[in-house]
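To be precise, the following lines are input_26.txt, and they hold compact mmCIF, C-alpha atoms.
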# COMPACT_ATOMS: atom_id res chain seq x y z
CA GLU E 14 0.00 0.00 0.00
CA MET E 15 2.82 2.38 0.84
CA CYS E 16 4.50 1.76 -2.52
CA ILE E 17 1.32 2.64 -4.40
CA ARG E 18 0.80 5.83 -2.44
CA ASP E 19 4.44 6.81 -2.86
CA ARG E 20 4.25 6.22 -6.59
CA VAL E 21 1.18 8.42 -7.04
CA SER E 22 2.61 11.12 -4.78
CA SER E 23 5.94 11.05 -6.61
CA GLU E 24 4.21 11.38 -9.97
CA ARG E 25 2.13 14.34 -8.79
CA LEU E 26 5.15 16.00 -7.21
CA SER E 27 7.33 15.60 -10.32
CA ASP E 28 4.57 16.71 -12.71
CA GLY E 29 3.31 19.79 -10.88
CA GLY E 30 5.43 20.37 -7.78
CA TRP E 31 4.15 20.83 -4.26
CA PRO E 32 0.90 22.60 -5.29
CA ALA E 33 -0.10 19.58 -7.38
CA LEU E 34 0.71 17.23 -4.52
CA ILE E 35 -1.25 19.05 -1.83
CA THR E 36 -4.23 19.81 -4.09
CA GLY E 37 -4.74 16.16 -5.01
CA TRP E 38 -7.09 13.95 -3.03
CA GLN E 39 -4.66 11.04 -2.66
CA PRO E 40 -2.61 12.30 0.33
CA TYR E 41 -5.76 13.21 2.22
CA GLY E 42 -7.40 9.89 1.36
CA VAL E 43 -4.40 8.01 2.71
CA LEU E 44 -4.49 10.13 5.88
CA VAL E 45 -8.21 9.46 6.43
CA LEU E 46 -7.78 5.75 5.76
CA GLY E 47 -4.82 5.61 8.14
CA ILE E 48 -6.69 7.26 10.98
CA THR E 49 -9.79 5.13 10.35
CA SER E 50 -7.77 1.92 10.32
CA LEU E 51 -5.99 2.91 13.52
CA VAL E 52 -9.33 3.41 15.27
CA LEU E 53 -10.67 0.11 13.93
CA VAL E 54 -7.57 -1.84 14.97
CA GLN E 55 -7.70 -0.38 18.47
CA SER E 56 -11.39 -1.26 18.69
CA ALA E 57 -10.64 -4.83 17.64
CA PHE E 58 -7.96 -5.16 20.30
CA GLU E 59 -10.35 -3.85 22.95
CA THR E 60 -13.24 -6.05 21.83
CA ALA E 61 -11.57 -9.44 21.89
CA PRO E 62 -8.47 -10.98 23.43
CA LEU E 63 -5.29 -10.63 21.39
CA ARG E 64 -5.20 -14.32 20.44
CA LEU E 65 -8.61 -13.91 18.75
CA SER E 66 -8.26 -10.49 17.13
CA LEU E 67 -4.68 -10.63 15.84
CA PRO E 68 -5.11 -13.42 13.23
CA ALA E 69 -8.05 -11.63 11.62
CA LEU E 70 -6.19 -8.34 11.52
CA THR E 71 -3.08 -10.00 10.12
CA ALA E 72 -5.11 -11.54 7.30
CA ALA E 73 -7.15 -8.41 6.57
CA GLN E 74 -4.26 -5.92 6.33
CA PRO E 75 -2.78 -7.04 2.98
CA LEU E 76 -6.25 -7.49 1.51
CA ALA E 77 -7.20 -3.94 2.52
CA GLY E 78 -4.01 -2.65 0.92
CA ILE E 79 -4.84 -4.39 -2.34
CA VAL E 80 -8.41 -3.07 -2.33
CA CYS E 81 -7.23 0.48 -1.66
CA GLY E 82 -4.56 0.30 -4.34
CA VAL E 83 -6.86 -1.05 -7.01
CA GLY E 84 -10.04 0.77 -6.01
CA PHE E 85 -8.81 4.22 -5.03
CA LEU E 86 -5.45 4.64 -6.71
CA GLY E 87 -6.09 2.83 -9.99
CA ASP E 88 -3.32 0.28 -9.68
CA ARG E 89 -3.56 -3.01 -11.56
CA LEU E 90 -3.12 -6.57 -10.37
CA ARG E 91 -0.82 -8.83 -12.35
CA MET E 92 -2.36 -12.26 -12.58
CA THR E 93 0.56 -14.04 -14.24
CA ALA E 94 1.94 -17.24 -12.73
CA GLY E 95 5.20 -15.52 -11.75
CA ALA E 96 3.41 -12.60 -10.10
CA LEU E 97 1.12 -14.91 -8.17
CA ALA E 98 4.03 -17.08 -7.06
CA TRP E 99 5.97 -14.04 -5.85
Please render this file's structure as structure tokens.
Amino acid sequence: EMCIRDRVSSERLSDGGWPALITGWQPYGVLVLGITSLVLVQSAFETAPLRLSLPALTAAQPLAGIVCGVGFLGDRLRMTAGALAW
């Protein structure tokens, strides 16, 4: 997820400088998603014991990153055998 955000931010910064970076929605979207996920993770840890909540969070984190990258930032998934194996 960080690589996708960094790529989009780098492209905006190189194309239009700082004004283009801070006027885009991507940095603010990442900030909102980060704060929201922090609140949700803390709620999960308070709701259930660590041995019950940690496996679900560990499985959900990469999936959420993929969904955000594809859905919000327009990244593409490579479905080749080599990409899936990696």
Is there a way to get, as a PDB file with C-alpha atoms, keeping the file's coordinate frame, all residues within 12 Å of the point (-3.8, 14.9, -3.0) in file coordinates, counting all atoms listed in the file?
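Saved to out-v7.pdb:
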ATOM      1  CA  ARG E  18       0.800   5.830  -2.440  1.00  0.00           C
ATOM      2  CA  ASP E  19       4.440   6.810  -2.860  1.00  0.00           C
ATOM      3  CA  VAL E  21       1.180   8.420  -7.040  1.00  0.00           C
ATOM      4  CA  SER E  22       2.610  11.120  -4.780  1.00  0.00           C
ATOM      5  CA  SER E  23       5.940  11.050  -6.610  1.00  0.00           C
ATOM      6  CA  GLU E  24       4.210  11.380  -9.970  1.00  0.00           C
ATOM      7  CA  ARG E  25       2.130  14.340  -8.790  1.00  0.00           C
ATOM      8  CA  LEU E  26       5.150  16.000  -7.210  1.00  0.00           C
ATOM      9  CA  GLY E  29       3.310  19.790 -10.880  1.00  0.00           C
ATOM     10  CA  GLY E  30       5.430  20.370  -7.780  1.00  0.00           C
ATOM     11  CA  TRP E  31       4.150  20.830  -4.260  1.00  0.00           C
ATOM     12  CA  PRO E  32       0.900  22.600  -5.290  1.00  0.00           C
ATOM     13  CA  ALA E  33      -0.100  19.580  -7.380  1.00  0.00           C
ATOM     14  CA  LEU E  34       0.710  17.230  -4.520  1.00  0.00           C
ATOM     15  CA  ILE E  35      -1.250  19.050  -1.830  1.00  0.00           C
ATOM     16  CA  THR E  36      -4.230  19.810  -4.090  1.00  0.00           C
ATOM     17  CA  GLY E  37      -4.740  16.160  -5.010  1.00  0.00           C
ATOM     18  CA  TRP E  38      -7.090  13.950  -3.030  1.00  0.00           C
ATOM     19  CA  GLN E  39      -4.660  11.040  -2.660  1.00  0.00           C
ATOM     20  CA  PRO E  40      -2.610  12.300   0.330  1.00  0.00           C
ATOM     21  CA  TYR E  41      -5.760  13.210   2.220  1.00  0.00           C
ATOM     22  CA  GLY E  42      -7.400   9.890   1.360  1.00  0.00           C
ATOM     23  CA  VAL E  43      -4.400   8.010   2.710  1.00  0.00           C
ATOM     24  CA  LEU E  44      -4.490  10.130   5.880  1.00  0.00           C
ATOM     25  CA  VAL E  45      -8.210   9.460   6.430  1.00  0.00           C
ATOM     26  CA  PHE E  85      -8.810   4.220  -5.030  1.00  0.00           C
ATOM     27  CA  LEU E  86      -5.450   4.640  -6.710  1.00  0.00           C
TER      28      LEU E  86
END
Six-sided padding of 4 Å per side, axis-aligned box over segment 74-85 of chain E, centre and edges in Å, one decimal, as JSON:
{"center_x": -6.4, "center_y": -1.6, "center_z": -0.3, "size_x": 15.3, "size_y": 19.7, "size_z": 21.3}
query = In Å, with one decimal, what is the gap from atom CA of Ser56 of chain E to atom CA of Val83 of chain E?
reply =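 These atoms are spaced 26.1 Å apart.
As for atom CA of Ala98 of chain E and atom CA of Ser66 of chain E, they are spaced 27.9 Å apart.
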As a PDB file, in the frame of the given file, please: segment 33-44 of chain E completed to N, CA, C and O atoms.
ATOM      1  N   ALA E  33       0.632  20.721  -6.817  1.00  0.00           N
ATOM      2  CA  ALA E  33      -0.100  19.580  -7.380  1.00  0.00           C
ATOM      3  C   ALA E  33      -0.243  18.467  -6.351  1.00  0.00           C
ATOM      4  O   ALA E  33      -1.278  17.795  -6.293  1.00  0.00           O
ATOM      5  N   LEU E  34       0.778  18.285  -5.527  1.00  0.00           N
ATOM      6  CA  LEU E  34       0.710  17.230  -4.520  1.00  0.00           C
ATOM      7  C   LEU E  34      -0.340  17.540  -3.455  1.00  0.00           C
ATOM      8  O   LEU E  34      -1.161  16.699  -3.129  1.00  0.00           O
ATOM      9  N   ILE E  35      -0.333  18.740  -2.929  1.00  0.00           N
ATOM     10  CA  ILE E  35      -1.250  19.050  -1.830  1.00  0.00           C
ATOM     11  C   ILE E  35      -2.669  19.359  -2.289  1.00  0.00           C
ATOM     12  O   ILE E  35      -3.588  19.381  -1.479  1.00  0.00           O
ATOM     13  N   THR E  36      -2.868  19.589  -3.602  1.00  0.00           N
ATOM     14  CA  THR E  36      -4.230  19.810  -4.090  1.00  0.00           C
ATOM     15  C   THR E  36      -4.897  18.530  -4.572  1.00  0.00           C
ATOM     16  O   THR E  36      -6.077  18.538  -4.888  1.00  0.00           O
ATOM     17  N   GLY E  37      -4.148  17.443  -4.627  1.00  0.00           N
ATOM     18  CA  GLY E  37      -4.740  16.160  -5.010  1.00  0.00           C
ATOM     19  C   GLY E  37      -5.444  15.512  -3.820  1.00  0.00           C
ATOM     20  O   GLY E  37      -5.169  15.811  -2.664  1.00  0.00           O
ATOM     21  N   TRP E  38      -6.334  14.607  -4.104  1.00  0.00           N
ATOM     22  CA  TRP E  38      -7.090  13.950  -3.030  1.00  0.00           C
ATOM     23  C   TRP E  38      -6.330  12.779  -2.421  1.00  0.00           C
ATOM     24  O   TRP E  38      -6.648  12.342  -1.309  1.00  0.00           O
ATOM     25  N   GLN E  39      -5.328  12.251  -3.109  1.00  0.00           N
ATOM     26  CA  GLN E  39      -4.660  11.040  -2.660  1.00  0.00           C
ATOM     27  C   GLN E  39      -3.998  11.172  -1.279  1.00  0.00           C
ATOM     28  O   GLN E  39      -4.211  10.295  -0.432  1.00  0.00           O
ATOM     29  N   PRO E  40      -3.218  12.223  -1.006  1.00  0.00           N
ATOM     30  CA  PRO E  40      -2.610  12.300   0.330  1.00  0.00           C
ATOM     31  C   PRO E  40      -3.641  12.373   1.450  1.00  0.00           C
ATOM     32  O   PRO E  40      -3.468  11.780   2.514  1.00  0.00           O
ATOM     33  N   TYR E  41      -4.720  13.076   1.200  1.00  0.00           N
ATOM     34  CA  TYR E  41      -5.760  13.210   2.220  1.00  0.00           C
ATOM     35  C   TYR E  41      -6.544  11.905   2.379  1.00  0.00           C
ATOM     36  O   TYR E  41      -6.948  11.548   3.485  1.00  0.00           O
ATOM     37  N   GLY E  42      -6.744  11.192   1.278  1.00  0.00           N
ATOM     38  CA  GLY E  42      -7.400   9.890   1.360  1.00  0.00           C
ATOM     39  C   GLY E  42      -6.587   8.901   2.168  1.00  0.00           C
ATOM     40  O   GLY E  42      -7.129   8.148   2.985  1.00  0.00           O
ATOM     41  N   VAL E  43      -5.276   8.899   1.945  1.00  0.00           N
ATOM     42  CA  VAL E  43      -4.400   8.010   2.710  1.00  0.00           C
ATOM     43  C   VAL E  43      -4.426   8.384   4.189  1.00  0.00           C
ATOM     44  O   VAL E  43      -4.468   7.515   5.057  1.00  0.00           O
ATOM     45  N   LEU E  44      -4.429   9.677   4.489  1.00  0.00           N
ATOM     46  CA  LEU E  44      -4.490  10.130   5.880  1.00  0.00           C
ATOM     47  C   LEU E  44      -5.794   9.695   6.549  1.00  0.00           C
ATOM     48  O   LEU E  44      -5.777   9.165   7.669  1.00  0.00           O
TER      49      LEU E  44
END
